[in-house]
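Report on the structure given below.
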Amino acid sequence: MALRKRTKSQIYHVGTYVVLAAILIWAVLSTDWPKVAHQFANPEVAAKMFPGIITIALKNTILFTLVAFFGGLVLGIVLALMKLSEVGPFRWVSTAWIELFRGLPALMTIFAFAYMLPIALNVRIPGGSVGAGLLGLVCVASAYMAETIRAGIQAVPKGQTEASRSLGMSPMKTMFWVVLPQGFRIIIPPMTNEFVLLLKDTSLMFMAGTTLLTKELTTFARDGLTQNASATPFVMAALLYLVVTIPLTRFVAWLERRMAKER
């Protein structure tokens, strides 16, 4: 009986490999490679994208991500502490903020900050449309980070707080010197994932409108496609996204494995 099950398992695995190999061979033989190379890997079009796709588009993508991440982190800490507060209005405001910006698509939030907010409140956001778009990303990031930070704070054993208070530390010192550092150690992997998500969300900045020097990768690639009638710029942008995101995701996986061992 065991031999029969093993034979069936081997047949199943061999059959799976044969099917996958057949699909791969069919895809290779049926693809018009000269056309693919012309449309998606045109060296002449690729040459036109340099150095701007690096010095402008990639630089702006990373810069926008850093601004949105650290802005969202600071605001997220405040929102998390407000949600854990014993003061009712603080909890209500924090909950409303988190639910609003987690419920709305990031694209709509950027549009609202870039076009609706200046009209409705007659305010001028620093940085123009790009600054408004970044503010929208900060608000979206803060809502997600606030919940992650709150979970990290609540995951710290209560004994840590009780021990700190017994040593005479004030509630605020206990939170900032004892609880938050331990909570952040717990939430490093999900926060790194949030950074990766934000890096991809910068592709929505086109909604706010960008200038020649403020284009991020996706907008730069879209304009390159329009000018050259070739998808090569999009392929180049995709490769640059992967160059940044794959090391980050591998770093997250390493962190999770290390933290699992320490537990």
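How things are named: the first chain in the structure tokens is A, the next is B, and so on; residues count from 1 in each chain; ligands count from 1 in the order shown.
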Open item on the list: What parts of region 93-174 of chain A does DSSP call helix (DSSP H, G or I)? I'd like the answer as a PyMOL selection string.
Closed with: chain A and resi 93-103+106-121+128-155+158-166+171-174
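Between Thr245 (chain A) and the candidates A:Phe50, A:Phe195, A:Phe90, A:Tyr115, the tightest atom-to-atom separation, counting only C-alpha atoms, involves A:Phe195.
Neighbouring residues of Ala141 (chain A) at 7 Å or closer, counting only C-alpha atoms and skipping chain neighbours under 6 positions away, are Ala68, Phe69 and Gly72 of chain A.
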Using the selection just defined, write its residues with N, CA, C and O atoms as a PDB file, in the first residue's frame.
```pdb
ATOM      1  N   ALA A  68       6.994  60.224   2.790  1.00  0.00           N
ATOM      2  CA  ALA A  68       5.704  59.667   3.190  1.00  0.00           C
ATOM      3  C   ALA A  68       5.856  58.700   4.353  1.00  0.00           C
ATOM      4  O   ALA A  68       5.010  58.667   5.267  1.00  0.00           O
ATOM      5  N   PHE A  69       6.939  57.916   4.351  1.00  0.00           N
ATOM      6  CA  PHE A  69       7.121  56.928   5.408  1.00  0.00           C
ATOM      7  C   PHE A  69       7.393  57.590   6.753  1.00  0.00           C
ATOM      8  O   PHE A  69       6.726  57.284   7.752  1.00  0.00           O
ATOM      9  N   GLY A  72       4.424  59.639   7.887  1.00  0.00           N
ATOM     10  CA  GLY A  72       3.383  58.734   8.373  1.00  0.00           C
ATOM     11  C   GLY A  72       3.753  58.086   9.689  1.00  0.00           C
ATOM     12  O   GLY A  72       2.886  57.831  10.535  1.00  0.00           O
TER      13      GLY A  72
END
```
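Using only C-alpha atoms, the shortest contact distance between Met108 (chain A) and any of A:Cys139, A:Leu213, A:Ile53, A:Ala47 is found at A:Cys139.
With distances restricted to only C-alpha atoms, A:Gly71 is the closest residue to Leu135 (chain A) from A:Gly88, A:Gly71, A:Gly209, A:Pro105.
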- [ ] Have a look at A:Met205, A:Ala155, A:Ala132, A:Leu248 and name the one nearest to Gln182 (chain A); count only C-alpha atoms.
- [x] A:Ala155
TODO: For Glu162 (chain A), list every protein, DNA or RNA residue within 12 Å, evaluated using only C-alpha atoms, and leave out those in the same chain fewer than 3 positions away; present the list as a PyMOL selection string.
DONE: chain A and resi 156-159+165-171+174-175+178-179
Take the selection from the previous step and output its residues with N, CA, C and O atoms, as a PDB file, in the first residue's frame.
```pdb
ATOM      1  N   VAL A 156       3.559  44.378  24.065  1.00  0.00           N
ATOM      2  CA  VAL A 156       4.582  44.439  25.122  1.00  0.00           C
ATOM      3  C   VAL A 156       3.953  43.976  26.434  1.00  0.00           C
ATOM      4  O   VAL A 156       2.878  44.461  26.818  1.00  0.00           O
ATOM      5  N   PRO A 157       4.567  43.030  27.136  1.00  0.00           N
ATOM      6  CA  PRO A 157       3.983  42.540  28.393  1.00  0.00           C
ATOM      7  C   PRO A 157       3.711  43.670  29.383  1.00  0.00           C
ATOM      8  O   PRO A 157       4.519  44.594  29.535  1.00  0.00           O
ATOM      9  N   LYS A 158       2.568  43.596  30.058  1.00  0.00           N
ATOM     10  CA  LYS A 158       2.196  44.646  31.013  1.00  0.00           C
ATOM     11  C   LYS A 158       3.167  44.715  32.184  1.00  0.00           C
ATOM     12  O   LYS A 158       3.293  45.760  32.830  1.00  0.00           O
ATOM     13  N   GLY A 159       3.855  43.627  32.430  1.00  0.00           N
ATOM     14  CA  GLY A 159       4.833  43.633  33.517  1.00  0.00           C
ATOM     15  C   GLY A 159       5.934  44.656  33.308  1.00  0.00           C
ATOM     16  O   GLY A 159       6.499  45.182  34.278  1.00  0.00           O
ATOM     17  N   ARG A 165       6.888  51.691  36.313  1.00  0.00           N
ATOM     18  CA  ARG A 165       6.156  52.585  37.228  1.00  0.00           C
ATOM     19  C   ARG A 165       6.600  52.387  38.668  1.00  0.00           C
ATOM     20  O   ARG A 165       6.661  53.331  39.456  1.00  0.00           O
ATOM     21  N   SER A 166       6.929  51.142  39.015  1.00  0.00           N
ATOM     22  CA  SER A 166       7.366  50.869  40.386  1.00  0.00           C
ATOM     23  C   SER A 166       8.723  51.494  40.681  1.00  0.00           C
ATOM     24  O   SER A 166       9.067  51.738  41.844  1.00  0.00           O
ATOM     25  N   LEU A 167       9.490  51.780  39.607  1.00  0.00           N
ATOM     26  CA  LEU A 167      10.790  52.440  39.778  1.00  0.00           C
ATOM     27  C   LEU A 167      10.662  53.958  39.815  1.00  0.00           C
ATOM     28  O   LEU A 167      11.667  54.666  39.888  1.00  0.00           O
ATOM     29  N   GLY A 168       9.433  54.438  39.707  1.00  0.00           N
ATOM     30  CA  GLY A 168       9.192  55.876  39.807  1.00  0.00           C
ATOM     31  C   GLY A 168       9.125  56.605  38.492  1.00  0.00           C
ATOM     32  O   GLY A 168       9.069  57.846  38.471  1.00  0.00           O
ATOM     33  N   MET A 169       9.119  55.903  37.376  1.00  0.00           N
ATOM     34  CA  MET A 169       9.027  56.555  36.068  1.00  0.00           C
ATOM     35  C   MET A 169       7.610  57.027  35.818  1.00  0.00           C
ATOM     36  O   MET A 169       6.646  56.343  36.173  1.00  0.00           O
ATOM     37  N   SER A 170       7.477  58.181  35.181  1.00  0.00           N
ATOM     38  CA  SER A 170       6.158  58.720  34.858  1.00  0.00           C
ATOM     39  C   SER A 170       5.541  57.912  33.714  1.00  0.00           C
ATOM     40  O   SER A 170       6.253  57.206  32.988  1.00  0.00           O
ATOM     41  N   PRO A 171       4.215  58.008  33.533  1.00  0.00           N
ATOM     42  CA  PRO A 171       3.585  57.280  32.425  1.00  0.00           C
ATOM     43  C   PRO A 171       4.184  57.618  31.062  1.00  0.00           C
ATOM     44  O   PRO A 171       4.363  56.739  30.220  1.00  0.00           O
ATOM     45  N   THR A 174       7.647  56.086  30.777  1.00  0.00           N
ATOM     46  CA  THR A 174       7.493  54.640  30.617  1.00  0.00           C
ATOM     47  C   THR A 174       7.143  54.286  29.179  1.00  0.00           C
ATOM     48  O   THR A 174       7.689  53.338  28.594  1.00  0.00           O
ATOM     49  N   MET A 175       6.231  55.076  28.595  1.00  0.00           N
ATOM     50  CA  MET A 175       5.811  54.801  27.221  1.00  0.00           C
ATOM     51  C   MET A 175       6.956  54.999  26.238  1.00  0.00           C
ATOM     52  O   MET A 175       7.215  54.141  25.376  1.00  0.00           O
ATOM     53  N   VAL A 178      10.417  52.759  27.554  1.00  0.00           N
ATOM     54  CA  VAL A 178      10.321  51.322  27.824  1.00  0.00           C
ATOM     55  C   VAL A 178       9.412  50.613  26.821  1.00  0.00           C
ATOM     56  O   VAL A 178       9.822  49.649  26.166  1.00  0.00           O
ATOM     57  N   VAL A 179       8.176  51.101  26.692  1.00  0.00           N
ATOM     58  CA  VAL A 179       7.178  50.387  25.885  1.00  0.00           C
ATOM     59  C   VAL A 179       7.418  50.555  24.391  1.00  0.00           C
ATOM     60  O   VAL A 179       7.483  49.566  23.641  1.00  0.00           O
TER      61      VAL A 179
END
```
Task: For Val196 (chain A): contacts at 9 Å, only C-alpha atoms, fewer than 3 positions along chain excluded, given as a PyMOL selection string - done: chain A and resi 65+191-193+199-201+244-245+248-249
Selected residues written out with all heavy atoms, as an mmCIF file, in the first residue's frame:
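Generated output (selection.cif):
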```cif
data_model
loop_
_atom_site.group_PDB
_atom_site.id
_atom_site.type_symbol
_atom_site.label_atom_id
_atom_site.label_comp_id
_atom_site.auth_asym_id
_atom_site.auth_seq_id
_atom_site.Cartn_x
_atom_site.Cartn_y
_atom_site.Cartn_z
ATOM 1 N N THR A 65 8.989 58.303 -1.177
ATOM 2 C CA THR A 65 8.735 57.199 -0.248
ATOM 3 C C THR A 65 9.246 57.520 1.150
ATOM 4 O O THR A 65 8.557 57.283 2.147
ATOM 5 C CB THR A 65 9.391 55.905 -0.761
ATOM 6 O OG1 THR A 65 8.951 55.634 -2.094
ATOM 7 C CG2 THR A 65 9.037 54.729 0.138
ATOM 8 N N MET A 191 6.430 47.055 9.386
ATOM 9 C CA MET A 191 6.733 48.433 9.008
ATOM 10 C C MET A 191 7.595 48.466 7.740
ATOM 11 O O MET A 191 7.456 49.372 6.919
ATOM 12 C CB MET A 191 7.458 49.140 10.153
ATOM 13 C CG MET A 191 6.592 49.349 11.382
ATOM 14 S SD MET A 191 5.171 50.431 11.081
ATOM 15 C CE MET A 191 5.939 52.009 11.265
ATOM 16 N N THR A 192 8.476 47.494 7.590
ATOM 17 C CA THR A 192 9.263 47.418 6.358
ATOM 18 C C THR A 192 8.360 47.098 5.174
ATOM 19 O O THR A 192 8.551 47.629 4.077
ATOM 20 C CB THR A 192 10.370 46.353 6.488
ATOM 21 O OG1 THR A 192 11.087 46.558 7.705
ATOM 22 C CG2 THR A 192 11.338 46.430 5.327
ATOM 23 N N ASN A 193 7.375 46.234 5.389
ATOM 24 C CA ASN A 193 6.396 45.966 4.338
ATOM 25 C C ASN A 193 5.633 47.230 3.969
ATOM 26 O O ASN A 193 5.309 47.459 2.793
ATOM 27 C CB ASN A 193 5.417 44.880 4.799
ATOM 28 C CG ASN A 193 5.983 43.492 4.647
ATOM 29 O OD1 ASN A 193 6.767 43.220 3.738
ATOM 30 N ND2 ASN A 193 5.607 42.587 5.534
ATOM 31 N N LEU A 199 6.387 52.710 -1.451
ATOM 32 C CA LEU A 199 7.225 52.905 -2.631
ATOM 33 C C LEU A 199 6.413 52.671 -3.900
ATOM 34 O O LEU A 199 6.553 53.407 -4.876
ATOM 35 C CB LEU A 199 8.431 51.971 -2.567
ATOM 36 C CG LEU A 199 9.451 52.178 -3.688
ATOM 37 C CD1 LEU A 199 10.855 52.301 -3.130
ATOM 38 C CD2 LEU A 199 9.414 51.033 -4.688
ATOM 39 N N LYS A 200 5.562 51.673 -3.872
ATOM 40 C CA LYS A 200 4.714 51.415 -5.047
ATOM 41 C C LYS A 200 3.588 52.431 -5.164
ATOM 42 O O LYS A 200 3.176 52.788 -6.275
ATOM 43 C CB LYS A 200 4.167 49.991 -4.977
ATOM 44 C CG LYS A 200 5.246 48.928 -5.129
ATOM 45 C CD LYS A 200 4.679 47.531 -5.168
ATOM 46 C CE LYS A 200 4.174 47.092 -3.815
ATOM 47 N NZ LYS A 200 3.745 45.673 -3.809
ATOM 48 N N ASP A 201 3.096 52.923 -4.027
ATOM 49 C CA ASP A 201 2.010 53.907 -4.058
ATOM 50 C C ASP A 201 2.464 55.258 -4.591
ATOM 51 O O ASP A 201 1.622 56.080 -4.981
ATOM 52 C CB ASP A 201 1.416 54.088 -2.659
ATOM 53 C CG ASP A 201 0.443 52.966 -2.295
ATOM 54 O OD1 ASP A 201 0.047 52.216 -3.204
ATOM 55 O OD2 ASP A 201 0.091 52.852 -1.108
ATOM 56 N N VAL A 244 14.756 47.781 -6.128
ATOM 57 C CA VAL A 244 14.601 48.362 -4.790
ATOM 58 C C VAL A 244 13.782 47.450 -3.877
ATOM 59 O O VAL A 244 14.136 47.246 -2.709
ATOM 60 C CB VAL A 244 13.938 49.750 -4.882
ATOM 61 C CG1 VAL A 244 13.734 50.334 -3.479
ATOM 62 C CG2 VAL A 244 14.782 50.692 -5.726
ATOM 63 N N THR A 245 12.680 46.890 -4.393
ATOM 64 C CA THR A 245 11.748 46.172 -3.520
ATOM 65 C C THR A 245 12.210 44.763 -3.154
ATOM 66 O O THR A 245 11.975 44.315 -2.027
ATOM 67 C CB THR A 245 10.356 46.076 -4.178
ATOM 68 O OG1 THR A 245 10.471 45.439 -5.463
ATOM 69 C CG2 THR A 245 9.748 47.454 -4.354
ATOM 70 N N LEU A 248 14.442 44.651 -0.161
ATOM 71 C CA LEU A 248 13.672 45.001 1.030
ATOM 72 C C LEU A 248 12.819 43.822 1.504
ATOM 73 O O LEU A 248 12.751 43.533 2.703
ATOM 74 C CB LEU A 248 12.777 46.210 0.746
ATOM 75 C CG LEU A 248 13.477 47.570 0.724
ATOM 76 C CD1 LEU A 248 12.515 48.650 0.256
ATOM 77 C CD2 LEU A 248 14.028 47.916 2.090
ATOM 78 N N THR A 249 12.154 43.148 0.570
ATOM 79 C CA THR A 249 11.327 42.001 0.961
ATOM 80 C C THR A 249 12.180 40.848 1.487
ATOM 81 O O THR A 249 11.774 40.129 2.401
ATOM 82 C CB THR A 249 10.468 41.524 -0.223
ATOM 83 O OG1 THR A 249 11.309 41.261 -1.363
ATOM 84 C CG2 THR A 249 9.443 42.581 -0.617
#
```
